[in-house]
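A quick write-up on the structure given underneath.
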Amino acid sequence: MMVDLEERVSELENWTDGKGLILCGAAETFCSGSDLNAVRAISNPQDGMKMSMFMQNTLTRLLRLPLISVALVEGRALGGGAELTTACDFRLMASDSVIQFVHKHMGLVPGWGGGARLVRIVGSQNALKLLGGALKVDPKLGLQIGLADGVVEDAQTVEAPGSHLEQAEKWLGTYIKGPAPVIQAVKKVVLSGRELPLSEALKTEMGVFGTVWGGPANLQALASKSKHK
Ligand SMILES: CCC(=O)SCCNC(=O)CCNC(=O)[C@H](O)C(C)(C)COP(=O)(O)OP(=O)(O)OC[C@H]1O[C@@H](n2cnc3c(N)ncnc32)[C@H](O)[C@@H]1OP(=O)(O)O
């Protein structure tokens, strides 16, 4: 799974006209973490560090894709699976889903970069509670602390506007409407603001601005004298 994920990220890095990405699991489970059978075979500090380095690299590259990404959490996101959700820009949770950093119960802490990212998403107080208590985060708690950005309704219920995936596509559609170069620029500006010290982020923003200023979408908008009512 880890190698497969790295390969998919490499493919996405070459997707030049992409705008959005939805990461979801199969068989009603988002991801139950690292393969426990494989983990047993590499349960020494040296191999653990190698796995940590590999997964941090893969998930950092996933988060830095110039695409707006959503983790669609159905069922459980446990351990490394919970870390995986933090490598997307947004998280949408199904009504019966749970995100749980179970690392403490495994005698571990996050090692795929999920601890550092969690602090940036929910703040250090909430991150300490989630990791220290190995708390089960349901959609209600997820929305309350900012780990979840929305809830998708069960497809069986009358109010549900389509499957979970269709709802996620609709939700993401709001944020990726428009030309790919502009949406990619939006992501790059937010990413630099999120990751870099202010002076560097400002420089990056200027560079990204230069790629869209006077570009096709900008010139078309100017020519159409659009109003923003
Ligand atoms: C980076 C740190 C980490 O990620 S440490 C890993 C943290 N994850 C875990 O400890 C997951 C432990 N598993 C569970 O809690 C349950 O299997 C969950 C995921 C809740 C599913 O429960 P349930 O619906 O009852 O199904 P089940 O237990 O019968 O599982 C079906 C088969 O899948 C397997 N499975 C599940 N998770 C893993 C995993 N992480 N690695 C390896 N195998 C896993 C189960 O063992 C089970 O296999 P089998 O059918 O008994 O052969």
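Residue numbers start at 1 in each chain; chains themselves are named A, B, ... in the order of the structure tokens; ligands are numbered from 1 in the order shown.
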Contacts of Ser52 of chain A at 7 Å (only C-alpha atoms; same-chain gap of 3+ positions) as number ranges by chain: A: 48-49, 55-56, 111-112
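Each residue with an atom within 7 Å of any atom of ligand 1 appears in the list, which was built counting only C-alpha atoms and all ligand atoms: Ser32, Gly33, Ser34, Asp35, Leu36, Asn37, Arg76, Leu78, Gly79, Gly80, Gly81, Val102, His103, Met106, Pro110, Gly111 and Trp112 of chain A.
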Residue list (strand (DSSP E), DSSP) for segment 1-222 of chain A, as JSON, numbers by chain: {"A": [20, 21, 22, 23, 24, 68, 69, 70, 71, 72, 73, 76, 77, 78, 90, 91, 92, 93, 94, 98, 99, 100, 136, 137, 150, 151, 152]}
Residue selection dump (C-alpha atoms) as a CSV table (one decimal), in the first residue's frame:
chain,number,residue,atom,x,y,z
A,20,GLY,CA,-8.9,18.5,-7.4
A,21,LEU,CA,-8.4,15.1,-5.7
A,22,ILE,CA,-10.6,12.9,-3.5
A,23,LEU,CA,-8.9,10.3,-1.5
A,24,CYS,CA,-11.2,7.5,-0.3
A,68,ILE,CA,-7.3,20.9,-3.8
A,69,SER,CA,-7.6,17.6,-2.0
A,70,VAL,CA,-10.3,16.0,0.2
A,71,ALA,CA,-10.1,12.9,2.3
A,72,LEU,CA,-13.5,11.2,2.2
A,73,VAL,CA,-13.6,9.3,5.4
A,76,ARG,CA,-12.5,3.9,10.2
A,77,ALA,CA,-9.3,5.9,9.7
A,78,LEU,CA,-7.0,4.4,12.3
A,90,PHE,CA,-9.9,19.0,3.7
A,91,ARG,CA,-11.7,16.1,5.4
A,92,LEU,CA,-15.3,15.1,4.8
A,93,MET,CA,-16.7,12.4,7.2
A,94,ALA,CA,-19.5,10.0,6.7
A,98,VAL,CA,-14.4,7.6,13.0
A,99,ILE,CA,-10.9,9.1,12.8
A,100,GLN,CA,-8.7,7.7,15.6
A,136,LYS,CA,-12.4,8.5,18.7
A,137,VAL,CA,-13.3,11.5,16.5
A,150,GLY,CA,-18.2,18.6,6.4
A,151,VAL,CA,-20.3,15.6,6.8
A,152,VAL,CA,-21.7,13.4,3.9
From A:Met51, A:Lys140, A:Ala148, A:Ile183, residue lying nearest Ala217 of chain A [only C-alpha atoms]: A:Ile183
Between atom CA of Glu6 of chain A and atom CA of Leu128 of chain A, distance in Å (one decimal):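 For atom CA of Glu6 of chain A relative to atom CA of Leu128 of chain A, the distance reads 28.8 Å.
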Atomic separation - atom CA of Pro139 of chain A relative to atom CA of Gly75 of chain A, Å: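 If I compute the distance from atom CA of Gly75 of chain A to atom CA of Pro139 of chain A, I get 11.3 Å.
Distance-wise, atom CA of Leu191 of chain A and atom CA of Lys19 of chain A end up 14.5 Å apart.
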Do you know which residues are at most 9 Å from Thr16 of chain A counting only C-alpha atoms, after dropping those on the same chain fewer than 5 positions away, and could you put them as a short mmCIF file (atom, residue, chain, number, x, y, z; two decimals) with N, CA, C and O atoms, in the first residue's frame?
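Below you can see result07.cif, which holds the result:
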data_model
loop_
_atom_site.label_atom_id
_atom_site.label_comp_id
_atom_site.auth_asym_id
_atom_site.auth_seq_id
_atom_site.Cartn_x
_atom_site.Cartn_y
_atom_site.Cartn_z
N PRO A 66 -0.38 20.58 -6.44
CA PRO A 66 -1.13 21.82 -6.71
C PRO A 66 -2.60 21.54 -7.01
O PRO A 66 -3.17 22.06 -7.96
N ALA A 180 -7.77 25.53 -14.57
CA ALA A 180 -6.76 24.81 -13.77
C ALA A 180 -5.60 25.70 -13.31
O ALA A 180 -5.20 25.64 -12.14
N PRO A 181 -5.04 26.58 -14.18
CA PRO A 181 -3.90 27.39 -13.71
C PRO A 181 -4.27 28.29 -12.52
O PRO A 181 -3.44 28.52 -11.63
#
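Of the residues listed (A:Gly210, A:Gly162, A:Pro216, A:Gly146), A:Gly146 shows the shortest atom-to-atom separation from Asp89 of chain A; distances use only C-alpha atoms.
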Nearest candidate to Leu62 of chain A (options A:Leu108, A:Pro45, A:Val9, A:Trp15; using only C-alpha atoms): A:Val9
Residue neighbourhood Gly115 of chain A, 9 Å, only C-alpha atoms, exclusion window fewer than 4 positions, as a PyMOL selection string: chain A and resi 83+86+109-111+119-120+127+131
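On the backbone of this structure, DSSP gives helix (DSSP H, G or I) within segment 119-149 of chain A to A:Val119, A:Arg120, A:Ile121, A:Val122, A:Ser124, A:Gln125, A:Asn126, A:Ala127, A:Leu128, A:Lys129, A:Leu130, A:Leu131, A:Gly132, A:Gly133, A:Pro139, A:Lys140, A:Leu141, A:Gly142, A:Leu143, A:Gln144, A:Ile145.
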Selection from above, N, CA, C and O atoms, as a PDB file, in the first residue's frame, can you write it?
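Final output, selection38.pdb:
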ATOM      1  N   VAL A 119      -1.358  19.199  14.537  1.00  0.00           N
ATOM      2  CA  VAL A 119      -1.227  20.427  15.350  1.00  0.00           C
ATOM      3  C   VAL A 119      -1.628  21.644  14.520  1.00  0.00           C
ATOM      4  O   VAL A 119      -2.331  22.543  14.998  1.00  0.00           O
ATOM      5  N   ARG A 120      -1.217  21.669  13.247  1.00  0.00           N
ATOM      6  CA  ARG A 120      -1.560  22.819  12.387  1.00  0.00           C
ATOM      7  C   ARG A 120      -3.047  22.849  12.057  1.00  0.00           C
ATOM      8  O   ARG A 120      -3.619  23.909  11.827  1.00  0.00           O
ATOM      9  N   ILE A 121      -3.687  21.701  12.038  1.00  0.00           N
ATOM     10  CA  ILE A 121      -5.116  21.660  11.675  1.00  0.00           C
ATOM     11  C   ILE A 121      -6.010  21.994  12.878  1.00  0.00           C
ATOM     12  O   ILE A 121      -6.920  22.807  12.769  1.00  0.00           O
ATOM     13  N   VAL A 122      -5.730  21.369  14.029  1.00  0.00           N
ATOM     14  CA  VAL A 122      -6.667  21.526  15.163  1.00  0.00           C
ATOM     15  C   VAL A 122      -6.069  22.299  16.334  1.00  0.00           C
ATOM     16  O   VAL A 122      -6.762  22.543  17.319  1.00  0.00           O
ATOM     17  N   SER A 124      -2.547  22.881  19.094  1.00  0.00           N
ATOM     18  CA  SER A 124      -1.783  21.955  19.943  1.00  0.00           C
ATOM     19  C   SER A 124      -2.613  21.368  21.082  1.00  0.00           C
ATOM     20  O   SER A 124      -2.419  20.212  21.469  1.00  0.00           O
ATOM     21  N   GLN A 125      -3.584  22.147  21.614  1.00  0.00           N
ATOM     22  CA  GLN A 125      -4.388  21.626  22.737  1.00  0.00           C
ATOM     23  C   GLN A 125      -5.229  20.436  22.283  1.00  0.00           C
ATOM     24  O   GLN A 125      -5.259  19.383  22.929  1.00  0.00           O
ATOM     25  N   ASN A 126      -5.907  20.622  21.146  1.00  0.00           N
ATOM     26  CA  ASN A 126      -6.749  19.534  20.625  1.00  0.00           C
ATOM     27  C   ASN A 126      -5.900  18.351  20.180  1.00  0.00           C
ATOM     28  O   ASN A 126      -6.272  17.192  20.384  1.00  0.00           O
ATOM     29  N   ALA A 127      -4.733  18.644  19.556  1.00  0.00           N
ATOM     30  CA  ALA A 127      -3.867  17.555  19.096  1.00  0.00           C
ATOM     31  C   ALA A 127      -3.393  16.725  20.287  1.00  0.00           C
ATOM     32  O   ALA A 127      -3.351  15.486  20.221  1.00  0.00           O
ATOM     33  N   LEU A 128      -3.073  17.410  21.378  1.00  0.00           N
ATOM     34  CA  LEU A 128      -2.617  16.695  22.576  1.00  0.00           C
ATOM     35  C   LEU A 128      -3.723  15.780  23.116  1.00  0.00           C
ATOM     36  O   LEU A 128      -3.469  14.644  23.529  1.00  0.00           O
ATOM     37  N   LYS A 129      -4.949  16.277  23.061  1.00  0.00           N
ATOM     38  CA  LYS A 129      -6.076  15.450  23.535  1.00  0.00           C
ATOM     39  C   LYS A 129      -6.280  14.249  22.615  1.00  0.00           C
ATOM     40  O   LYS A 129      -6.474  13.124  23.082  1.00  0.00           O
ATOM     41  N   LEU A 130      -6.237  14.489  21.281  1.00  0.00           N
ATOM     42  CA  LEU A 130      -6.489  13.383  20.341  1.00  0.00           C
ATOM     43  C   LEU A 130      -5.402  12.316  20.435  1.00  0.00           C
ATOM     44  O   LEU A 130      -5.700  11.117  20.394  1.00  0.00           O
ATOM     45  N   LEU A 131      -4.141  12.753  20.559  1.00  0.00           N
ATOM     46  CA  LEU A 131      -3.041  11.768  20.617  1.00  0.00           C
ATOM     47  C   LEU A 131      -2.922  11.163  22.010  1.00  0.00           C
ATOM     48  O   LEU A 131      -2.766   9.948  22.153  1.00  0.00           O
ATOM     49  N   GLY A 132      -3.008  12.019  23.036  1.00  0.00           N
ATOM     50  CA  GLY A 132      -2.853  11.534  24.427  1.00  0.00           C
ATOM     51  C   GLY A 132      -3.984  10.628  24.844  1.00  0.00           C
ATOM     52  O   GLY A 132      -3.791   9.674  25.612  1.00  0.00           O
ATOM     53  N   GLY A 133      -5.193  10.916  24.353  1.00  0.00           N
ATOM     54  CA  GLY A 133      -6.349  10.114  24.746  1.00  0.00           C
ATOM     55  C   GLY A 133      -6.720   9.064  23.718  1.00  0.00           C
ATOM     56  O   GLY A 133      -7.637   8.287  23.931  1.00  0.00           O
ATOM     57  N   PRO A 139     -18.014  12.545  13.479  1.00  0.00           N
ATOM     58  CA  PRO A 139     -18.227  13.791  12.732  1.00  0.00           C
ATOM     59  C   PRO A 139     -18.532  14.999  13.627  1.00  0.00           C
ATOM     60  O   PRO A 139     -18.067  16.101  13.355  1.00  0.00           O
ATOM     61  N   LYS A 140     -19.290  14.772  14.707  1.00  0.00           N
ATOM     62  CA  LYS A 140     -19.663  15.905  15.570  1.00  0.00           C
ATOM     63  C   LYS A 140     -18.410  16.524  16.195  1.00  0.00           C
ATOM     64  O   LYS A 140     -18.197  17.742  16.129  1.00  0.00           O
ATOM     65  N   LEU A 141     -17.568  15.666  16.789  1.00  0.00           N
ATOM     66  CA  LEU A 141     -16.326  16.172  17.396  1.00  0.00           C
ATOM     67  C   LEU A 141     -15.396  16.724  16.315  1.00  0.00           C
ATOM     68  O   LEU A 141     -14.736  17.749  16.504  1.00  0.00           O
ATOM     69  N   GLY A 142     -15.365  16.031  15.167  1.00  0.00           N
ATOM     70  CA  GLY A 142     -14.504  16.480  14.067  1.00  0.00           C
ATOM     71  C   GLY A 142     -14.837  17.897  13.635  1.00  0.00           C
ATOM     72  O   GLY A 142     -13.937  18.736  13.456  1.00  0.00           O
ATOM     73  N   LEU A 143     -16.138  18.192  13.491  1.00  0.00           N
ATOM     74  CA  LEU A 143     -16.553  19.547  13.084  1.00  0.00           C
ATOM     75  C   LEU A 143     -16.235  20.552  14.180  1.00  0.00           C
ATOM     76  O   LEU A 143     -15.777  21.665  13.915  1.00  0.00           O
ATOM     77  N   GLN A 144     -16.447  20.120  15.432  1.00  0.00           N
ATOM     78  CA  GLN A 144     -16.244  21.021  16.575  1.00  0.00           C
ATOM     79  C   GLN A 144     -14.791  21.487  16.673  1.00  0.00           C
ATOM     80  O   GLN A 144     -14.521  22.657  16.919  1.00  0.00           O
ATOM     81  N   ILE A 145     -13.837  20.595  16.432  1.00  0.00           N
ATOM     82  CA  ILE A 145     -12.421  20.967  16.596  1.00  0.00           C
ATOM     83  C   ILE A 145     -11.759  21.342  15.268  1.00  0.00           C
ATOM     84  O   ILE A 145     -10.584  21.698  15.247  1.00  0.00           O
TER      85      ILE A 145
END
